[in-house]
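Comments concern the structure below.
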Amino acid sequence: MQHPRPGIVATILISTLGSLAAQQDETKRSRTPLELFWDGGLRAESEDGKFKIRLRARFENDWGFMDSSSAVENRVGSLSDGTELRRMRLGLQGRIYENIPFKAQVDFASGDAEFRSVYAGVSDLPVLGNLRIGNQREPFGLERNTGTHYVTMMERASANALTPKRNTGILAHNSHDDDRFTWAVGFFRETNEQGFGQGDDGIVGTARVTGIPWLEDDSHFLHFGVSMSRREFEANGVRFKARPGLHLAPSFVDTSAIIADHGNFIASEALWMMGATSLQVERFEARTGGYEFQGSSVQISHFLTRDHRRFRRSFPQFTRVKPNEGDAWELTGRASQIDLNDGTVRGGKMKDYTLGLNWYSNPNVRIMANMIYADLDTTGGALMFALRFGIDF
């Protein structure tokens with residue numbers, strides 16, 4: 001058998017290696033280098049800004065101390081001092097190919113993996129503007145659409161028991177006139193904490209419209225908004241219940257299950273930003289099964305330092321506080337009420353009042369102290385003191 005000449009073998013080998021090298025060069029040219037840096041969190045970004053990735057993490061440890069009359073405990077259950085990991089979240093957020101935003105965040109505080117926004121979308125669309133598909137907040141209300149690490153108190157106002165939480169669906173939203181007018185509309189179905197929902201019912205349509213009639217700068221403006229939601233319920237109906245501003249406390253008001261096939265929800269919101277001071281008012285109504293329930297809240301925030309709350313006008317919600325000089329101190333106050341009594345449904349009435357002090361040692365660490373007084377109609381009151389240590393990036 002005649003062997004190939006060494007020259008021919010060398011030629012084939014050199015040609016093959018050259019082809020592989022060319023493919024490798026092409027692969028390298030198609031790669032996009034990312035710069036890794038810290039800006040309120042760990043981020044990676046391409047030089048042209050088309051690719052952005054951010055690591056998300058949140059840890060919150062709560063402590064609660066409660067005192068109440070025996071009449072209140074006989075009605076709602078034991079109010080015991082305690083502590084809990086309120087949130088323990090991990091996730092990724094970012095944008096690929098410039099106009100594909102995404103977010104995937106999971107909470108492990110309950111001991112199970114629970115979705116806390118898992119979606120992808122498309123931005124810069126004609127007319128629609130932005131589109132999201134997946135597990136996400138419904139566009140309903142101001143405080144409900146503000147992340148938990150950016151609300152002024154440890155918990156959202158008790159009146160938010162009449163607002164929808166995250167569900168899985170498709171959302172379109174856009175802003176106009178330098179973000180002074182926004183709209184959002186979405187279609188969802190009721191799902192569990194893992195984003196699962198199945199059946200002929202549970203279909204939801206929710207919309208929110210906001211406007212800013214007066215705007216001086218990012219910390220001096222007047223904001224209004226209204227939200228509406230039409231909801232179909234599963235066979236087990238719907239239930240409303242609320243705690244008095246502390247997750248460690250039991251629910252003080254509770255309708256139990258109401259058998260109804262649909263419901264209509266309405267919310268109105270107003271925000272007046274005056275530099276270091278902000279005043280926020282919201283009102284909610286829920287009509288279902290021939291019953292009507294309502295709630296409202298008013299809250300004020302004032303920074304003792306040269307700081308202010310930061311607001312995203314393009315999709316109206318509060319965002320991260322970034323202290324201007326060292327740390328920041330914030331005084332807060334809130335009054336909230338919810339009425340779950342109507343007809344034969346006697347879920348109860350509650351008013352709760354909260355005073356708070358927040359210390360931001362930097363943009364990622366916040367320590368909160370809340371003093372809460374809850375007044376349960378015809379039964380009595382309860383006094384609670386709560387602390388939270390939180391890290392978010």
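Following the order of the structure tokens, chains are lettered A, B, ..., residues in each are numbered from 1, and ligands are numbered from 1.
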Could the residues of stretch 139-258 of chain A that have an atom at most 6 Å from stretch 337-348 of chain A be listed as a Markdown table, each with its closest atom pair and the distance in Å to one decimal, counting only C-alpha atoms and ordered by chain and ascending residue number?
| residue | atom | partner | partner_atom | distance |
| --- | --- | --- | --- | --- |
| A:Ala159 | CA | A:Ile338 | CA | 5.3 |
| A:Val253 | CA | A:Gly348 | CA | 5.0 |
| A:Asp254 | CA | A:Gly347 | CA | 4.6 |
| A:Thr255 | CA | A:Gly347 | CA | 4.0 |
Take the selection from the previous step and output its residues with N, CA, C and O atoms, as a JSON list (two decimals), in the first residue's frame.
[["chain", "number", "residue", "atom", "x", "y", "z"],
["A", 159, "ALA", "N", -55.33, 48.60, 53.09],
["A", 159, "ALA", "CA", -56.33, 48.78, 52.04],
["A", 159, "ALA", "C", -55.94, 48.06, 50.76],
["A", 159, "ALA", "O", -56.80, 47.78, 49.91],
["A", 253, "VAL", "N", -59.11, 41.42, 59.59],
["A", 253, "VAL", "CA", -60.40, 41.42, 58.90],
["A", 253, "VAL", "C", -60.35, 40.35, 57.81],
["A", 253, "VAL", "O", -59.33, 40.16, 57.16],
["A", 254, "ASP", "N", -61.48, 39.65, 57.61],
["A", 254, "ASP", "CA", -61.48, 38.50, 56.70],
["A", 254, "ASP", "C", -62.93, 38.20, 56.29],
["A", 254, "ASP", "O", -63.78, 37.94, 57.15],
["A", 255, "THR", "N", -63.18, 38.22, 55.00],
["A", 255, "THR", "CA", -64.54, 37.93, 54.51],
["A", 255, "THR", "C", -64.84, 36.44, 54.44],
["A", 255, "THR", "O", -66.00, 36.06, 54.28]]
Residues at most 8 Å from A:Met66, counting only C-alpha atoms, excluding those fewer than 5 positions away in the same chain, as a compact mmCIF listing (two decimals) with C-alpha atoms, in the first residue's frame?
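Final file, selection.txt:
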# COMPACT_ATOMS: atom_id res chain seq x y z
CA LEU A 79 -50.62 38.11 68.81
CA SER A 80 -47.20 36.81 69.78
CA ASP A 81 -43.81 38.45 69.53
CA ALA A 382 -53.63 46.43 69.33
CA LEU A 383 -50.24 48.13 69.61
CA MET A 384 -47.27 46.78 67.67
CA PHE A 385 -43.63 47.71 67.31
With a distance cut-off of 7 Å and only C-alpha atoms, select the neighbouring residues of A:Thr354, excluding the residue or stretch itself and same-chain residues fewer than 4 positions from it, and output the selection as a list in words.
->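 Result of the neighbour search: Gly333, Arg334, Ala335, Asn370, Met371, Ile372 and Tyr373 of chain A.
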Near A:Leu331, within 10 Å and counting only C-alpha atoms, which residues show up once chain neighbours fewer than 4 positions away are dropped, as a PyMOL selection string?
-> chain A and resi 152+277+300-304+355-359+369
Provide the atom CA of A:His220 to atom CA of A:Gly275 distance in Å, to one decimal place.
->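 Computed distance, atom CA of A:His220 to atom CA of A:Gly275, equals 5.7 Å.
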Atom-to-atom span, atom CA of A:Ser110 and atom CA of A:Gly64, Å | 17.6 Å
Give me the residues within 6 Å of A:Phe224 as a ChimeraX atom specification, counting only C-alpha atoms and dropping any in the same chain fewer than 5 places off.
-> /A:210-211,269-270
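Those residues in stretch 57-295 of chain A carrying a DSSP assignment of alpha helix (DSSP H), computed from the backbone, are A:Ser70, A:Ala71, A:Val72, A:Glu73, A:Asn74, A:Arg75, A:Val76.
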Those residues with all heavy atoms, as a compact mmCIF listing (two decimals), in the first residue's frame please?
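So the final result, stored in out_0.txt, reads:
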# COMPACT_ATOMS: atom_id res chain seq x y z
N SER A 70 -57.61 41.13 75.35
CA SER A 70 -58.05 39.73 75.19
C SER A 70 -59.19 39.64 74.19
O SER A 70 -59.32 38.62 73.49
CB SER A 70 -58.48 39.16 76.54
OG SER A 70 -59.51 39.95 77.12
N ALA A 71 -59.99 40.70 74.07
CA ALA A 71 -61.11 40.68 73.12
C ALA A 71 -60.60 40.59 71.68
O ALA A 71 -61.17 39.89 70.85
CB ALA A 71 -61.96 41.93 73.31
N VAL A 72 -59.51 41.32 71.39
CA VAL A 72 -58.94 41.27 70.05
C VAL A 72 -58.36 39.89 69.76
O VAL A 72 -58.60 39.30 68.69
CB VAL A 72 -57.86 42.36 69.88
CG1 VAL A 72 -57.11 42.16 68.57
CG2 VAL A 72 -58.47 43.74 69.94
N GLU A 73 -57.63 39.32 70.74
CA GLU A 73 -57.03 38.00 70.52
C GLU A 73 -58.09 36.92 70.40
O GLU A 73 -57.92 35.95 69.64
CB GLU A 73 -56.04 37.68 71.64
CG GLU A 73 -54.82 38.59 71.65
CD GLU A 73 -53.61 37.93 72.31
OE1 GLU A 73 -53.57 36.68 72.35
OE2 GLU A 73 -52.74 38.66 72.77
N ASN A 74 -59.18 37.05 71.12
CA ASN A 74 -60.27 36.08 71.01
C ASN A 74 -60.88 36.09 69.61
O ASN A 74 -61.37 35.07 69.13
CB ASN A 74 -61.35 36.36 72.04
CG ASN A 74 -60.90 36.03 73.45
OD1 ASN A 74 -59.97 35.24 73.66
ND2 ASN A 74 -61.53 36.65 74.43
N ARG A 75 -60.82 37.25 68.98
CA ARG A 75 -61.43 37.38 67.64
C ARG A 75 -60.47 37.00 66.52
O ARG A 75 -60.87 36.32 65.57
CB ARG A 75 -61.93 38.81 67.44
CG ARG A 75 -62.56 39.03 66.08
CD ARG A 75 -63.26 40.36 65.99
NE ARG A 75 -63.67 40.64 64.63
CZ ARG A 75 -64.36 41.73 64.27
NH1 ARG A 75 -64.71 42.62 65.18
NH2 ARG A 75 -64.70 41.91 63.01
N VAL A 76 -59.21 37.45 66.58
CA VAL A 76 -58.30 37.26 65.44
C VAL A 76 -57.26 36.18 65.68
O VAL A 76 -56.57 35.76 64.74
CB VAL A 76 -57.59 38.59 65.09
CG1 VAL A 76 -58.60 39.69 64.84
CG2 VAL A 76 -56.59 39.01 66.17
Given the choices A:Asn264, A:Ser158, A:Ser219, A:Asn99, which gets closest to A:Phe311 if the distance is worked out from only C-alpha atoms?
->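 Of A:Asn264, A:Ser158, A:Ser219, A:Asn99, the one nearest A:Phe311, counting only C-alpha atoms, is A:Ser219.
Considering only C-alpha atoms, the residue among A:Asn192, A:Pro250, A:Ser46, A:Arg230 positioned nearest to A:Ala113 is A:Asn192.
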Give the strand (DSSP E or B) residues of stretch 257-327 of chain A, as assigned by DSSP on the backbone, as JSON, numbers by chain.
-> {"A": [258, 262, 263, 264, 265, 266, 267, 268, 269, 270, 271, 272, 273, 274, 277, 278, 279, 280, 281, 282, 283, 284, 285, 286, 287, 288, 291, 292, 293, 294, 295, 296, 297, 298, 299, 300, 301, 302, 303, 310, 311, 312, 317, 318, 319]}
For the residues selected in the previous step, produce a file with C-alpha atoms as a PDB file, in the first residue's frame.
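Output file again_33.pdb is given in full below:
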ATOM      1  CA  ILE A 258     -67.465  34.682  48.773  1.00  0.00           C
ATOM      2  CA  HIS A 262     -66.951  37.855  38.623  1.00  0.00           C
ATOM      3  CA  GLY A 263     -65.977  41.174  40.216  1.00  0.00           C
ATOM      4  CA  ASN A 264     -65.116  44.781  39.354  1.00  0.00           C
ATOM      5  CA  PHE A 265     -62.243  46.600  41.059  1.00  0.00           C
ATOM      6  CA  ILE A 266     -61.529  50.347  40.936  1.00  0.00           C
ATOM      7  CA  ALA A 267     -58.609  52.355  42.329  1.00  0.00           C
ATOM      8  CA  SER A 268     -57.673  56.033  42.331  1.00  0.00           C
ATOM      9  CA  GLU A 269     -54.294  57.493  43.284  1.00  0.00           C
ATOM     10  CA  ALA A 270     -52.744  60.903  43.879  1.00  0.00           C
ATOM     11  CA  LEU A 271     -49.166  61.889  44.673  1.00  0.00           C
ATOM     12  CA  TRP A 272     -47.745  65.309  45.511  1.00  0.00           C
ATOM     13  CA  MET A 273     -43.947  65.456  45.520  1.00  0.00           C
ATOM     14  CA  MET A 274     -42.417  68.528  47.166  1.00  0.00           C
ATOM     15  CA  THR A 277     -41.636  65.642  51.343  1.00  0.00           C
ATOM     16  CA  SER A 278     -44.196  63.488  49.555  1.00  0.00           C
ATOM     17  CA  LEU A 279     -47.930  63.014  50.155  1.00  0.00           C
ATOM     18  CA  GLN A 280     -49.623  59.927  48.736  1.00  0.00           C
ATOM     19  CA  VAL A 281     -53.366  59.085  48.750  1.00  0.00           C
ATOM     20  CA  GLU A 282     -55.129  55.992  47.387  1.00  0.00           C
ATOM     21  CA  ARG A 283     -58.679  54.653  47.432  1.00  0.00           C
ATOM     22  CA  PHE A 284     -59.961  51.200  46.433  1.00  0.00           C
ATOM     23  CA  GLU A 285     -63.346  49.608  45.777  1.00  0.00           C
ATOM     24  CA  ALA A 286     -64.230  45.988  45.068  1.00  0.00           C
ATOM     25  CA  ARG A 287     -67.705  44.961  43.896  1.00  0.00           C
ATOM     26  CA  THR A 288     -68.519  41.282  43.650  1.00  0.00           C
ATOM     27  CA  TYR A 291     -71.378  43.146  47.788  1.00  0.00           C
ATOM     28  CA  GLU A 292     -69.206  46.256  47.872  1.00  0.00           C
ATOM     29  CA  PHE A 293     -66.034  46.675  49.931  1.00  0.00           C
ATOM     30  CA  GLN A 294     -63.767  49.699  50.178  1.00  0.00           C
ATOM     31  CA  GLY A 295     -60.488  50.879  51.614  1.00  0.00           C
ATOM     32  CA  SER A 296     -58.202  53.911  51.526  1.00  0.00           C
ATOM     33  CA  SER A 297     -54.856  55.167  52.768  1.00  0.00           C
ATOM     34  CA  VAL A 298     -52.970  58.429  53.112  1.00  0.00           C
ATOM     35  CA  GLN A 299     -49.260  58.564  53.855  1.00  0.00           C
ATOM     36  CA  ILE A 300     -46.580  61.185  54.165  1.00  0.00           C
ATOM     37  CA  SER A 301     -42.810  60.922  53.921  1.00  0.00           C
ATOM     38  CA  HIS A 302     -40.216  63.521  54.862  1.00  0.00           C
ATOM     39  CA  PHE A 303     -36.435  63.224  54.666  1.00  0.00           C
ATOM     40  CA  ARG A 310     -37.201  58.712  43.513  1.00  0.00           C
ATOM     41  CA  PHE A 311     -40.041  58.148  41.071  1.00  0.00           C
ATOM     42  CA  ARG A 312     -40.148  56.458  37.665  1.00  0.00           C
ATOM     43  CA  GLN A 317     -43.766  53.690  40.707  1.00  0.00           C
ATOM     44  CA  PHE A 318     -41.249  54.624  43.376  1.00  0.00           C
ATOM     45  CA  THR A 319     -37.708  53.306  42.975  1.00  0.00           C
TER      46      THR A 319
END
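Candidate residues A:Ser251, A:Asn160, A:Ser314, A:Gln93 were compared for distance to A:Asp178, and the nearest is A:Ser314, using only C-alpha atoms.
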Using only C-alpha atoms, which protein or nucleic acid residues come within 8 Å of A:Arg156? Drop anything in the same chain fewer than 5 positions from it, and give the result as an mmCIF file with N, CA and C atoms, in the first residue's frame.
data_model
loop_
_atom_site.group_PDB
_atom_site.id
_atom_site.type_symbol
_atom_site.label_atom_id
_atom_site.label_comp_id
_atom_site.auth_asym_id
_atom_site.auth_seq_id
_atom_site.Cartn_x
_atom_site.Cartn_y
_atom_site.Cartn_z
ATOM 1 N N GLU A 143 -49.080 52.068 45.090
ATOM 2 C CA GLU A 143 -48.279 51.339 46.063
ATOM 3 C C GLU A 143 -48.130 49.871 45.687
ATOM 4 N N ARG A 144 -49.170 49.262 45.098
ATOM 5 C CA ARG A 144 -49.075 47.867 44.681
ATOM 6 C C ARG A 144 -48.035 47.686 43.585
ATOM 7 N N THR A 148 -41.464 46.205 47.057
ATOM 8 C CA THR A 148 -41.571 46.202 48.515
ATOM 9 C C THR A 148 -40.389 46.882 49.202
ATOM 10 N N VAL A 151 -41.297 50.914 49.189
ATOM 11 C CA VAL A 151 -42.439 51.533 49.869
ATOM 12 C C VAL A 151 -41.944 52.121 51.182
ATOM 13 N N GLY A 245 -50.572 46.021 58.868
ATOM 14 C CA GLY A 245 -49.258 46.609 58.618
ATOM 15 C C GLY A 245 -48.084 45.818 59.138
#
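With only C-alpha atoms as the atoms that count, the residue of A:Thr206, A:Ser69, A:Ser256, A:Thr378 with the shortest distance to A:Glu232 is A:Thr206.
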Closest atom pairs, stretch 196-252 of chain A residues within 7 Å of stretch 183-189 of chain A, only C-alpha atoms, as a Markdown table:
| residue | atom | partner | partner_atom | distance |
| --- | --- | --- | --- | --- |
| A:Gly197 | CA | A:Arg189 | CA | 6.9 |
| A:Gly202 | CA | A:Arg189 | CA | 5.2 |
| A:Ile203 | CA | A:Arg189 | CA | 4.5 |
| A:Val204 | CA | A:Phe188 | CA | 4.9 |
| A:Gly205 | CA | A:Phe187 | CA | 4.6 |
| A:Thr206 | CA | A:Gly186 | CA | 5.4 |
| A:Ala207 | CA | A:Val185 | CA | 4.2 |
| A:Arg208 | CA | A:Ala184 | CA | 5.3 |
| A:Val209 | CA | A:Trp183 | CA | 4.5 |
| A:Thr210 | CA | A:Trp183 | CA | 6.5 |
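Omitting A:Phe181 and its sequence neighbours fewer than 4 positions away, and counting only C-alpha atoms, the residues within 12 Å are His173, Asn174, Ser175, His176, Asp177, Arg208, Val209, Thr210, Gly211, Ile212, Pro213, Trp214, Leu215, Leu222, His223, Phe224, Gly225, Arg313, Ser314, Phe315 and Pro316 of chain A.
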Which is closer to A:Asp112 than all the others in A:Ile259, A:Met88, A:Ile100, A:Ala157, using only C-alpha atoms?
->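 That would be A:Met88, the residue with the smallest distance to A:Asp112.
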Rounded to one decimal place, report the atom CA of A:Phe221-atom CA of A:Arg306 distance in Å.
-> 17.7 Å
